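Right, one structure below, let's go through it.
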Amino acid sequence: QVQLEELGGGLVRPGESLTISCVASENIFFFNTMGWYRQAPGQERELVASIPVADSPKYADSVKGRFTLSRDGAKKTLYLRMNSLKPEDTAVYYCHARVASRVYWGRGIQVTVSS
């Protein structure tokens with residue numbers, strides 16, 4: 001059973017940066033796609049960023065230029081570096097992975113941006 005564990009959430013002030021991590025139980029290049037979704041209170045879960053196994057990352061317009069995906073195969077980890085954080089980035093962030101028709105989710109991690 002594939003497991004995804006999110007790490008590194010917390011409370012930051014507007015304008016600050018934060019990196020969150022997703023540690024997988026499998027070789028991350030086993031997945032067709034990995035990425036991050038987020039869900040704010042009262043809103044639907046939305047895609048933040050994703051990276052296909054052999055292509056460039058793609059970002060939601062709301063985070064383009066501020067967020068950066070990266071991955072470390074040896075550590076089986078996907079990272080999301082979030083710069084210039086805004087209060088509207090406050091949400092539970094979920095790691096997501098897909099292989100063929102199978103989709104896997106982490107439990108989610110809270111990121112709060114507030115002064």
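Following the order of the structure tokens, first chain is A, next is B, and so on, with residues numbered from 1 inside each chain and ligands from 1 in the order they appear.
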Would you mind listing what lies within 8 Å of range 38-42 of chain A as a compact mmCIF listing (two decimals) with all heavy atoms, in the first residue's frame, with only C-alpha atoms counted and same-chain residues fewer than 2 positions away left out?
# COMPACT_ATOMS: atom_id res chain seq x y z
N TRP A 36 0.63 18.64 -5.30
CA TRP A 36 0.01 19.16 -4.09
C TRP A 36 -1.35 19.77 -4.43
O TRP A 36 -1.47 20.51 -5.43
CB TRP A 36 0.89 20.24 -3.46
CG TRP A 36 2.16 19.73 -2.88
CD1 TRP A 36 3.36 19.61 -3.51
CD2 TRP A 36 2.35 19.25 -1.54
NE1 TRP A 36 4.30 19.10 -2.65
CE2 TRP A 36 3.71 18.87 -1.43
CE3 TRP A 36 1.53 19.11 -0.42
CZ2 TRP A 36 4.25 18.36 -0.25
CZ3 TRP A 36 2.08 18.62 0.74
CH2 TRP A 36 3.41 18.25 0.82
N GLU A 44 -13.63 24.09 -2.11
CA GLU A 44 -13.29 22.79 -2.68
C GLU A 44 -11.77 22.62 -2.74
O GLU A 44 -11.02 23.59 -2.76
CB GLU A 44 -13.88 22.67 -4.09
CG GLU A 44 -15.39 22.63 -4.11
CD GLU A 44 -15.95 22.36 -5.50
OE1 GLU A 44 -15.16 22.30 -6.45
OE2 GLU A 44 -17.18 22.21 -5.62
N ARG A 45 -11.36 21.38 -2.77
CA ARG A 45 -9.93 21.08 -2.92
C ARG A 45 -9.49 21.51 -4.32
O ARG A 45 -10.18 21.24 -5.31
CB ARG A 45 -9.69 19.59 -2.71
CG ARG A 45 -8.24 19.22 -2.53
CD ARG A 45 -8.09 17.76 -2.15
NE ARG A 45 -8.69 17.45 -0.85
CZ ARG A 45 -8.53 16.30 -0.22
NH1 ARG A 45 -7.80 15.34 -0.76
NH2 ARG A 45 -9.10 16.09 0.94
N GLU A 46 -8.35 22.18 -4.38
CA GLU A 46 -7.87 22.67 -5.66
C GLU A 46 -6.42 22.25 -5.88
O GLU A 46 -5.64 22.12 -4.93
CB GLU A 46 -7.95 24.20 -5.72
CG GLU A 46 -7.11 24.93 -4.70
CD GLU A 46 -7.10 26.44 -4.89
OE1 GLU A 46 -7.74 26.95 -5.84
OE2 GLU A 46 -6.45 27.13 -4.09
N LEU A 47 -6.06 22.09 -7.13
CA LEU A 47 -4.70 21.75 -7.49
C LEU A 47 -3.80 22.96 -7.32
O LEU A 47 -4.11 24.05 -7.80
CB LEU A 47 -4.64 21.26 -8.93
CG LEU A 47 -3.25 20.93 -9.47
CD1 LEU A 47 -2.64 19.74 -8.72
CD2 LEU A 47 -3.32 20.64 -10.97
N VAL A 48 -2.68 22.76 -6.64
CA VAL A 48 -1.69 23.82 -6.46
C VAL A 48 -0.57 23.68 -7.47
O VAL A 48 -0.20 24.62 -8.17
CB VAL A 48 -1.12 23.79 -5.03
CG1 VAL A 48 -0.03 24.83 -4.87
CG2 VAL A 48 -2.22 23.99 -4.01
N THR A 90 -3.68 30.12 3.10
CA THR A 90 -4.04 29.31 4.26
C THR A 90 -4.97 28.18 3.84
O THR A 90 -6.00 28.42 3.20
CB THR A 90 -4.72 30.18 5.33
OG1 THR A 90 -3.79 31.15 5.81
CG2 THR A 90 -5.23 29.33 6.48
N ALA A 91 -4.56 26.97 4.16
CA ALA A 91 -5.34 25.79 3.77
C ALA A 91 -4.69 24.54 4.34
O ALA A 91 -3.57 24.60 4.87
CB ALA A 91 -5.40 25.67 2.24
N VAL A 92 -5.39 23.44 4.20
CA VAL A 92 -4.77 22.13 4.42
C VAL A 92 -4.19 21.69 3.08
O VAL A 92 -4.90 21.69 2.07
CB VAL A 92 -5.78 21.10 4.94
CG1 VAL A 92 -5.11 19.73 5.08
CG2 VAL A 92 -6.36 21.55 6.27
N TYR A 93 -2.93 21.36 3.10
CA TYR A 93 -2.23 20.96 1.87
C TYR A 93 -2.10 19.44 1.85
O TYR A 93 -1.65 18.83 2.82
CB TYR A 93 -0.85 21.62 1.81
CG TYR A 93 -0.93 23.08 1.42
CD1 TYR A 93 -1.45 24.02 2.30
CD2 TYR A 93 -0.51 23.51 0.16
CE1 TYR A 93 -1.54 25.37 1.94
CE2 TYR A 93 -0.59 24.84 -0.20
CZ TYR A 93 -1.12 25.76 0.69
OH TYR A 93 -1.21 27.08 0.33
N TYR A 94 -2.48 18.86 0.71
CA TYR A 94 -2.48 17.40 0.55
C TYR A 94 -1.50 17.00 -0.54
O TYR A 94 -1.52 17.56 -1.65
CB TYR A 94 -3.86 16.91 0.15
CG TYR A 94 -4.93 17.13 1.18
CD1 TYR A 94 -5.70 18.30 1.19
CD2 TYR A 94 -5.19 16.16 2.16
CE1 TYR A 94 -6.68 18.50 2.14
CE2 TYR A 94 -6.17 16.36 3.11
CZ TYR A 94 -6.91 17.52 3.10
OH TYR A 94 -7.89 17.73 4.04
Problem set entry | Distance in Å - CA of Ala100 in chain A versus CA of Ser70 in chain A | 21.6 Å
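Using only C-alpha atoms, the protein and nucleic acid residues lying no more than 9 Å from range 108-115 of chain A, apart from those fewer than 2 places from it along its own chain, are A:Glu5, A:Glu6, A:Leu7, A:Gly8, A:Gly9, A:Gly10, A:Leu11, A:Val12, A:Arg13, A:Pro14, A:Gly15, A:Glu16, A:Leu18, A:Ile20, A:Arg38, A:Leu85, A:Lys86, A:Pro87, A:Glu88, A:Asp89, A:Thr90, A:Ala91, A:Val92, A:Tyr93, A:Tyr94, A:Cys95, A:Trp105, A:Gly106.
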Selected residues, C-alpha atoms, written as a PDB file, in the first residue's frame, please.
ATOM      1  CA  GLU A   5       3.308  11.653   4.547  1.00  0.00           C
ATOM      2  CA  GLU A   6       3.261  15.423   4.562  1.00  0.00           C
ATOM      3  CA  LEU A   7       5.706  17.298   6.782  1.00  0.00           C
ATOM      4  CA  GLY A   8       6.598  20.874   7.587  1.00  0.00           C
ATOM      5  CA  GLY A   9       3.356  22.803   7.893  1.00  0.00           C
ATOM      6  CA  GLY A  10       2.792  25.541  10.407  1.00  0.00           C
ATOM      7  CA  LEU A  11       2.055  29.182  11.042  1.00  0.00           C
ATOM      8  CA  VAL A  12       3.897  31.877   9.119  1.00  0.00           C
ATOM      9  CA  ARG A  13       3.436  35.614   8.591  1.00  0.00           C
ATOM     10  CA  PRO A  14       2.442  37.148   5.260  1.00  0.00           C
ATOM     11  CA  GLY A  15       5.448  37.534   3.009  1.00  0.00           C
ATOM     12  CA  GLU A  16       7.377  34.734   4.659  1.00  0.00           C
ATOM     13  CA  LEU A  18       7.790  27.811   4.011  1.00  0.00           C
ATOM     14  CA  ILE A  20       6.524  21.459   2.941  1.00  0.00           C
ATOM     15  CA  ARG A  38      -5.040  22.400  -0.960  1.00  0.00           C
ATOM     16  CA  LEU A  85       2.952  33.650   1.314  1.00  0.00           C
ATOM     17  CA  LYS A  86      -0.425  35.358   1.524  1.00  0.00           C
ATOM     18  CA  PRO A  87      -3.315  34.874   3.944  1.00  0.00           C
ATOM     19  CA  GLU A  88      -5.285  33.337   1.088  1.00  0.00           C
ATOM     20  CA  ASP A  89      -2.712  30.537   0.915  1.00  0.00           C
ATOM     21  CA  THR A  90      -4.040  29.313   4.257  1.00  0.00           C
ATOM     22  CA  ALA A  91      -5.344  25.788   3.766  1.00  0.00           C
ATOM     23  CA  VAL A  92      -4.768  22.131   4.423  1.00  0.00           C
ATOM     24  CA  TYR A  93      -2.229  20.956   1.874  1.00  0.00           C
ATOM     25  CA  TYR A  94      -2.482  17.404   0.549  1.00  0.00           C
ATOM     26  CA  CYS A  95       0.157  15.411  -1.241  1.00  0.00           C
ATOM     27  CA  TRP A 105      -3.474  10.960  -0.943  1.00  0.00           C
ATOM     28  CA  GLY A 106      -1.651  11.990   2.175  1.00  0.00           C
TER      29      GLY A 106
END
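Of the residues in chain A, those given helix (DSSP H, G or I) by DSSP on the backbone are Ile28, Phe29, Phe30, Pro87, Glu88 and Asp89 of chain A.
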Put those residues in a file: C-alpha atoms, as a PDB file, in the first residue's frame.
ATOM      1  CA  ILE A  28       8.669   8.622  -6.457  1.00  0.00           C
ATOM      2  CA  PHE A  29       9.512   7.967 -10.101  1.00  0.00           C
ATOM      3  CA  PHE A  30       7.126   5.030  -9.886  1.00  0.00           C
ATOM      4  CA  PRO A  87      -3.315  34.874   3.944  1.00  0.00           C
ATOM      5  CA  GLU A  88      -5.285  33.337   1.088  1.00  0.00           C
ATOM      6  CA  ASP A  89      -2.712  30.537   0.915  1.00  0.00           C
TER       7      ASP A  89
END
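Of the residues under consideration (A:Arg107, A:Arg98, A:Ser50, A:Thr77), A:Thr77 shows the shortest atom-to-atom contact distance to Ser25 in chain A when counting only C-alpha atoms.
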Exercise. Got a sec: who's within 6 Å of Arg66 in chain A, counting only C-alpha atoms, leaving out chain neighbours fewer than 2 positions off, as a ChimeraX atom specification?
Worked result: /A:63-64,83
For this session: Write down as a PyMOL selection string the residues belonging to chain A that are assigned strand (DSSP E or B) by DSSP computed on the backbone.
Result: chain A and resi 4-7+10-12+18-24+33-39+46-52+58-59+67-72+77-82+91-99+102-105+109-113
